[in-house]
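Trainee: For reference, this is my_file.txt, and it has compact mmCIF, C-alpha atoms.
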# COMPACT_ATOMS: atom_id res chain seq x y z
CA MET A 1 -13.33 11.42 -21.34
CA LEU A 2 -11.90 12.79 -18.08
CA PRO A 3 -12.73 9.81 -15.81
CA ASN A 4 -11.35 7.37 -18.40
CA LEU A 5 -8.18 9.46 -18.71
CA LEU A 6 -7.68 9.21 -14.96
CA THR A 7 -8.24 5.45 -15.12
CA THR A 8 -5.68 5.24 -17.93
CA ALA A 9 -3.22 7.21 -15.81
CA GLY A 10 -3.67 4.68 -13.02
CA LEU A 11 -3.18 1.83 -15.48
CA PHE A 12 -0.01 3.48 -16.77
CA SER A 13 1.29 3.82 -13.20
CA GLY A 14 0.77 0.11 -12.60
CA PHE A 15 2.49 -0.78 -15.87
CA PHE A 16 5.38 1.54 -15.03
CA ALA A 17 5.74 -0.20 -11.65
CA ILE A 18 6.26 -3.53 -13.42
CA ILE A 19 8.87 -2.06 -15.78
CA ALA A 20 10.68 -0.32 -12.91
CA ALA A 21 10.80 -3.56 -10.90
CA MET A 22 12.24 -5.42 -13.89
CA ASN A 23 15.01 -2.80 -13.99
CA GLY A 24 15.69 -3.09 -10.26
CA GLN A 25 14.18 0.32 -9.40
CA PHE A 26 12.04 -0.91 -6.53
CA GLU A 27 11.44 2.43 -4.78
CA SER A 28 10.12 3.89 -8.02
CA ALA A 29 8.00 0.79 -8.59
CA ALA A 30 6.41 0.99 -5.14
CA THR A 31 5.81 4.72 -5.46
CA ALA A 32 4.10 4.20 -8.81
CA ILE A 33 1.59 1.81 -7.21
CA PHE A 34 0.69 4.41 -4.60
CA ILE A 35 0.29 7.00 -7.38
CA ALA A 36 -2.07 4.56 -9.12
CA MET A 37 -4.13 4.53 -5.92
CA VAL A 38 -4.54 8.31 -6.17
CA PHE A 39 -5.82 8.09 -9.74
CA ASP A 40 -8.08 5.18 -8.78
CA GLY A 41 -9.65 7.29 -6.07
CA LEU A 42 -10.14 10.26 -8.38
CA ASP A 43 -11.72 8.76 -11.49
CA GLY A 44 -14.88 7.50 -9.81
CA ARG A 45 -15.40 10.71 -7.88
CA VAL A 46 -14.89 12.79 -11.00
CA ALA A 47 -17.38 10.60 -12.86
CA ARG A 48 -20.00 11.13 -10.16
CA MET A 49 -19.33 14.87 -9.93
CA THR A 50 -19.64 15.32 -13.70
CA ASN A 51 -22.52 12.83 -14.01
CA THR A 52 -20.54 10.78 -16.56
CA GLU A 53 -20.77 7.32 -14.96
CA SER A 54 -21.07 4.47 -17.43
CA ALA A 55 -20.94 0.69 -17.59
CA PHE A 56 -17.87 0.98 -19.79
CA GLY A 57 -16.10 3.11 -17.21
CA ALA A 58 -16.86 0.60 -14.46
CA GLU A 59 -15.52 -2.32 -16.50
CA TYR A 60 -12.47 -0.38 -17.63
CA ASP A 61 -11.74 0.57 -14.03
CA SER A 62 -11.85 -3.09 -12.95
CA MET A 63 -9.51 -4.11 -15.77
CA ALA A 64 -7.09 -1.35 -14.77
CA ASP A 65 -7.29 -2.36 -11.10
CA ILE A 66 -6.26 -5.95 -11.74
CA VAL A 67 -3.12 -4.67 -13.48
CA SER A 68 -2.24 -1.82 -11.12
CA PHE A 69 -3.21 -3.51 -7.83
CA GLY A 70 -3.03 -7.19 -8.75
CA MET A 71 -0.29 -7.97 -11.24
CA ALA A 72 1.98 -4.99 -10.46
CA PRO A 73 2.38 -5.51 -6.68
CA ALA A 74 2.79 -9.27 -7.10
CA LEU A 75 5.51 -8.89 -9.75
CA VAL A 76 7.26 -6.13 -7.81
CA MET A 77 7.34 -8.31 -4.69
CA TYR A 78 8.44 -11.33 -6.73
CA SER A 79 11.27 -9.39 -8.36
CA TRP A 80 12.44 -8.01 -5.02
CA ALA A 81 12.22 -10.95 -2.60
CA LEU A 82 10.16 -13.92 -3.79
CA GLY A 83 12.21 -14.92 -6.81
CA ASP A 84 14.82 -16.74 -4.70
CA LEU A 85 12.17 -18.95 -3.05
CA GLY A 86 11.46 -20.96 -6.18
CA LYS A 87 7.97 -22.43 -6.38
CA LEU A 88 6.94 -20.92 -3.07
CA GLY A 89 7.78 -17.48 -4.39
CA TRP A 90 5.73 -17.55 -7.57
CA LEU A 91 2.88 -19.42 -5.86
CA ALA A 92 2.70 -16.68 -3.22
CA ALA A 93 2.60 -14.05 -5.96
CA PHE A 94 -0.10 -15.97 -7.83
CA ILE A 95 -2.26 -16.30 -4.71
CA PHE A 96 -2.17 -12.53 -4.39
CA VAL A 97 -3.15 -12.02 -8.05
CA ALA A 98 -5.94 -14.62 -7.88
CA GLY A 99 -7.24 -13.14 -4.62
CA GLY A 100 -7.34 -9.69 -6.19
CA ALA A 101 -9.22 -10.93 -9.27
CA LEU A 102 -11.76 -12.78 -7.13
CA ARG A 103 -12.13 -9.73 -4.88
CA LEU A 104 -12.93 -7.47 -7.84
CA ALA A 105 -15.39 -9.97 -9.32
CA ARG A 106 -17.25 -10.35 -6.02
CA PHE A 107 -17.32 -6.60 -5.45
CA ASN A 108 -18.77 -5.90 -8.90
CA THR A 109 -21.51 -8.53 -8.53
CA ASN A 110 -22.52 -7.45 -5.00
CA LEU A 111 -22.92 -3.72 -5.65
CA ALA A 112 -26.71 -3.78 -5.38
CA VAL A 113 -26.91 -5.73 -2.12
CA ALA A 114 -23.76 -4.82 -0.20
CA ASP A 115 -23.75 -2.59 2.87
CA LYS A 116 -22.00 0.54 1.58
CA ARG A 117 -20.48 1.25 4.98
CA TYR A 118 -18.29 -1.85 4.86
CA PHE A 119 -16.17 -3.81 2.41
CA GLN A 120 -16.49 -7.58 2.36
CA GLY A 121 -12.83 -8.54 2.45
CA LEU A 122 -9.79 -6.31 2.14
CA ALA A 123 -10.07 -3.94 -0.83
CA ILE A 124 -7.51 -4.60 -3.56
CA PRO A 125 -5.91 -1.10 -3.46
CA SER A 126 -5.27 -1.52 0.27
CA ALA A 127 -3.79 -4.97 -0.31
CA ALA A 128 -1.55 -3.55 -3.02
CA ALA A 129 -0.43 -0.77 -0.67
CA ILE A 130 0.70 -3.33 1.93
CA VAL A 131 2.75 -5.35 -0.56
CA ALA A 132 4.20 -2.29 -2.29
CA GLY A 133 4.82 -0.60 1.06
CA PHE A 134 6.80 -3.60 2.30
CA VAL A 135 9.02 -3.46 -0.79
CA TRP A 136 9.36 0.31 -0.45
CA VAL A 137 10.44 0.06 3.20
CA GLY A 138 12.89 -2.75 2.46
CA SER A 139 14.41 -0.96 -0.49
CA LYS A 140 14.66 2.42 1.23
CA TYR A 141 16.33 1.05 4.36
CA ASP A 142 18.63 -1.31 2.40
CA ILE A 143 17.16 -4.49 3.88
CA ASP A 144 18.57 -7.62 2.28
CA PRO A 145 15.63 -9.33 0.50
CA GLU A 146 17.08 -12.76 1.27
CA ASN A 147 16.73 -12.10 5.01
CA VAL A 148 13.01 -11.30 4.74
CA ALA A 149 12.02 -13.55 1.82
CA TYR A 150 9.85 -15.86 3.91
CA ILE A 151 8.26 -12.93 5.72
CA ALA A 152 7.49 -11.41 2.32
CA ALA A 153 5.94 -14.69 1.14
CA PHE A 154 3.79 -14.96 4.28
CA LEU A 155 2.66 -11.33 3.98
CA THR A 156 1.80 -11.71 0.28
CA ILE A 157 -0.22 -14.88 0.88
CA ALA A 158 -1.96 -13.46 3.95
CA VAL A 159 -3.00 -10.28 2.16
CA GLY A 160 -4.21 -12.30 -0.83
CA LEU A 161 -6.40 -14.43 1.45
CA LEU A 162 -7.75 -11.39 3.30
CA MET A 163 -9.11 -10.07 0.00
CA VAL A 164 -11.35 -13.14 -0.44
CA SER A 165 -12.34 -13.34 3.22
CA ASN A 166 -15.63 -12.18 4.71
CA PHE A 167 -13.95 -9.89 7.22
CA ARG A 168 -15.64 -6.50 7.35
CA TYR A 169 -13.59 -3.40 6.60
CA HIS A 170 -14.89 0.11 7.09
CA SER A 171 -15.30 1.77 3.69
CA PHE A 172 -15.58 5.36 5.07
CA LYS A 173 -18.34 5.94 2.50
CA ASP A 174 -20.73 6.98 5.28
CA VAL A 175 -18.52 9.95 6.17
CA ASP A 176 -19.99 13.24 4.96
CA TRP A 177 -16.97 15.05 3.56
CA ARG A 178 -19.06 18.12 2.69
CA ASN A 179 -19.97 19.07 6.26
CA ARG A 180 -18.27 21.95 7.95
CA VAL A 181 -15.39 20.94 10.19
CA SER A 182 -13.65 22.63 13.08
CA PHE A 183 -10.28 24.31 12.88
CA ILE A 184 -8.83 21.52 15.03
CA ALA A 185 -9.88 18.94 12.45
CA ILE A 186 -8.16 20.88 9.68
CA LEU A 187 -5.05 21.18 11.84
CA LEU A 188 -5.03 17.41 12.42
CA VAL A 189 -5.24 16.80 8.67
CA VAL A 190 -2.25 19.09 8.12
CA LEU A 191 -0.30 17.28 10.84
CA ALA A 192 -1.19 13.94 9.24
CA PHE A 193 0.31 15.09 5.95
CA VAL A 194 3.44 16.24 7.79
CA VAL A 195 3.82 12.84 9.49
CA VAL A 196 3.42 11.01 6.18
CA ALA A 197 5.92 13.34 4.50
CA THR A 198 8.61 12.64 7.10
CA GLU A 199 8.85 8.90 6.36
CA PRO A 200 6.28 8.14 3.62
CA SER A 201 7.30 4.52 3.07
CA LEU A 202 7.19 3.48 6.72
CA VAL A 203 4.12 5.54 7.65
CA LEU A 204 2.01 4.45 4.67
CA PHE A 205 2.96 0.80 5.13
CA SER A 206 2.07 0.98 8.83
CA ILE A 207 -1.29 2.67 8.16
CA PHE A 208 -2.43 0.11 5.60
CA LEU A 209 -1.12 -2.79 7.69
CA LEU A 210 -3.16 -1.60 10.67
CA TYR A 211 -6.17 -1.25 8.38
CA ALA A 212 -5.73 -4.87 7.25
CA ILE A 213 -5.66 -6.00 10.88
CA SER A 214 -8.78 -3.96 11.67
CA GLY A 215 -10.97 -6.23 9.51
CA PRO A 216 -10.76 -9.36 11.68
CA ILE A 217 -11.06 -7.20 14.82
CA THR A 218 -14.21 -5.49 13.51
CA THR A 219 -15.75 -8.82 12.52
CA PHE A 220 -15.07 -10.51 15.84
CA ARG A 221 -16.48 -7.53 17.72
CA THR A 222 -19.76 -7.33 15.75
CA VAL A 223 -20.51 -11.04 15.26
CA LYS A 224 -21.89 -12.83 18.29
CA HIS A 225 -21.05 -16.41 17.34
CA ILE A 226 -18.18 -16.79 14.90
CA LYS A 227 -18.68 -19.49 12.28
CA LEU A 228 -16.72 -20.55 9.21
CA GLU A 229 -18.97 -18.53 6.88
CA HIS A 230 -18.07 -15.39 8.84
CA VAL A 231 -14.46 -15.84 7.74
CA VAL A 232 -14.80 -17.26 4.23
CA GLY A 233 -17.62 -18.48 1.99
CA ASP A 234 -20.76 -17.16 0.29
CA THR A 235 -22.83 -16.37 3.37
CA GLU A 236 -22.69 -12.79 4.56
CA CYS A 237 -21.52 -12.15 8.10
CA GLU A 238 -24.15 -11.80 10.81
CA LEU A 239 -24.37 -8.31 12.19
CA GLY A 240 -24.53 -7.26 15.79
CA ASP A 241 -27.56 -5.79 17.53
CA GLY A 242 -29.00 -2.95 15.51
CA GLU A 243 -26.56 -3.40 12.64
CA ALA A 244 -28.82 -5.67 10.58
CA GLU A 245 -31.68 -3.16 10.57
CA LYS A 246 -29.34 -0.33 9.63
CA ALA A 247 -27.78 -2.36 6.83
CA SER A 248 -31.20 -3.31 5.47
CA THR A 249 -32.36 0.31 5.50
CA SER A 250 -29.15 1.45 3.85
CA THR A 251 -29.43 -1.22 1.14
CA LYS A 252 -33.05 -0.32 0.33
CA PHE A 253 -32.15 3.34 0.10
CA GLU A 254 -29.26 2.58 -2.25
CA GLN A 255 -31.49 0.44 -4.45
CA LYS A 256 -34.17 3.13 -4.66
CA THR A 257 -31.70 5.81 -5.67
CA ASN A 258 -29.97 3.35 -8.02
CA GLU A 259 -26.59 4.65 -7.00
CA LYS A 260 -23.81 2.99 -8.95
CA THR A 261 -20.34 2.87 -7.45
CA THR A 262 -17.55 2.18 -9.92
CA HIS A 263 -14.71 1.59 -7.45
CA ASP A 264 -13.43 -0.95 -4.94
Taking this structure as input, can you express it in the form of structure tokens?
Mentor:
Amino acid sequence: MLPNLLTTAGLFSGFFAIIAAMNGQFESAATAIFIAMVFDGLDGRVARMTNTESAFGAEYDSMADIVSFGMAPALVMYSWALGDLGKLGWLAAFIFVAGGALRLARFNTNLAVADKRYFQGLAIPSAAAIVAGFVWVGSKYDIDPENVAYIAAFLTIAVGLLMVSNFRYHSFKDVDWRNRVSFIAILLVVLAFVVVATEPSLVLFSIFLLYAISGPITTFRTVKHIKLEHVVGDTECELGDGEAEKASTSTKFEQKTNEKTTHD
């Protein structure tokens, strides 16, 4: 019950974002999408901690994600800036939604063979954070949407395409959060929260934008000879020296333990 309640809370946040955007409350709409990200990060972890993972929960989570991180950000961006661009505006929004749906479908079908340390393509919550963050920044600082409409369209399309790319993004799933940490590390975490609290819209948008840029950089650094299939397609990216063996070992270990991850 508890993991599904958290998923429902995330779904509600995405739905609220759509309603708020329809009423012209764009800051509230963008904030709701970030709140949905918090619930999306909690439900899977709670399910694993309570040993209540299920196929139903995984499917329900994916359905909620396409609303909260696919439809909601696209409609919020369309209501704020893309509506005045005509066909270009709604096509840009649709590319984002379609990219998110394809990203979720590929993630769910590649769970057993994917390297857990990396995401193949930009994760849909991160993509939603970039789109929602852009609207949040523009609304908070009273930026005229007409002046940035084409920038908004380019950003929406680019993020949508990054989701279906083969660029490798660090998943941070190899970080052991249970290990003891130094006092300096705790202090840095506190300072990070302080920095985010000072200007949450600008800081969060900048963080997720830099994360989106990190994917192509990581791919180009680890792949010796870049080919088309390293950017888009069905073939997995070649790994650098030593990476292939590590990925193979990690995949075999995950298959033996039959670990099921319910989140993107």
Trainee: Step by step: start from the point (-4.9, 1.8, -5.6) in the file's coordinates, keep every protein, DNA or RNA residue that has an atom no farther than 8 Å from it, count all atoms listed in the file, and write the set as a PDB file with C-alpha atoms, in the coordinates of the input.
Mentor:
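Contents of the output file part-v3.pdb:
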ATOM      1  CA  ILE A  33       1.590   1.810  -7.210  1.00  0.00           C
ATOM      2  CA  PHE A  34       0.690   4.410  -4.600  1.00  0.00           C
ATOM      3  CA  ILE A  35       0.290   7.000  -7.380  1.00  0.00           C
ATOM      4  CA  ALA A  36      -2.070   4.560  -9.120  1.00  0.00           C
ATOM      5  CA  MET A  37      -4.130   4.530  -5.920  1.00  0.00           C
ATOM      6  CA  VAL A  38      -4.540   8.310  -6.170  1.00  0.00           C
ATOM      7  CA  PHE A  39      -5.820   8.090  -9.740  1.00  0.00           C
ATOM      8  CA  ASP A  40      -8.080   5.180  -8.780  1.00  0.00           C
ATOM      9  CA  GLY A  41      -9.650   7.290  -6.070  1.00  0.00           C
ATOM     10  CA  ASP A  65      -7.290  -2.360 -11.100  1.00  0.00           C
ATOM     11  CA  SER A  68      -2.240  -1.820 -11.120  1.00  0.00           C
ATOM     12  CA  PHE A  69      -3.210  -3.510  -7.830  1.00  0.00           C
ATOM     13  CA  ILE A 124      -7.510  -4.600  -3.560  1.00  0.00           C
ATOM     14  CA  PRO A 125      -5.910  -1.100  -3.460  1.00  0.00           C
ATOM     15  CA  SER A 126      -5.270  -1.520   0.270  1.00  0.00           C
ATOM     16  CA  ALA A 128      -1.550  -3.550  -3.020  1.00  0.00           C
ATOM     17  CA  ALA A 129      -0.430  -0.770  -0.670  1.00  0.00           C
TER      18      ALA A 129
END
Trainee: Excluding Phe26 (chain A) and its own-chain neighbours fewer than 6 positions away, which residues fall within 8 Å of it when counting all atoms listed in the file? Please give them as a VMD selection string.
Mentor: chain A and resid 20 76 80 135 to 136 139
Trainee: Take CA of Gly233 (chain A) and CA of Tyr60 (chain A) and report the distance between them in Å, one decimal.
Mentor: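 That distance, rounded to one decimal, is 27.2 Å.
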Trainee: To one decimal place, how far is CA of Met71 (chain A) from CA of Phe107 (chain A) in Å?
Mentor: 18.0 Å
Trainee: May I ask for the distance between CA of Ala127 (chain A) and CA of Ile207 (chain A), given in Å to one decimal place?
Mentor: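 Straight-line distance from CA of Ala127 (chain A) to CA of Ile207 (chain A) works out to 11.7 Å.
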Trainee: Restricting the calculation to all atoms listed in the file: of A:Ala153, A:Val181, A:Leu204, A:Leu6, which residue gets closest to Arg45 (chain A)?
Mentor: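 Of A:Ala153, A:Val181, A:Leu204, A:Leu6, the one nearest Arg45 (chain A), counting all atoms listed in the file, is A:Leu6.
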Trainee: For Thr218 (chain A), work out the shell of residues within 9 Å, counting all atoms listed in the file and skipping chain neighbours fewer than 2 positions away, then give it as a PyMOL selection string.
Mentor: chain A and resi 167-170+213-216+220-223
Trainee: Of the residues A:Ala21, A:Leu75, A:Met1, A:Ile95, which is the one nearest to Thr50 (chain A), using all atoms listed in the file?
Mentor: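 For Thr50 (chain A), the nearest of the candidates is A:Met1.
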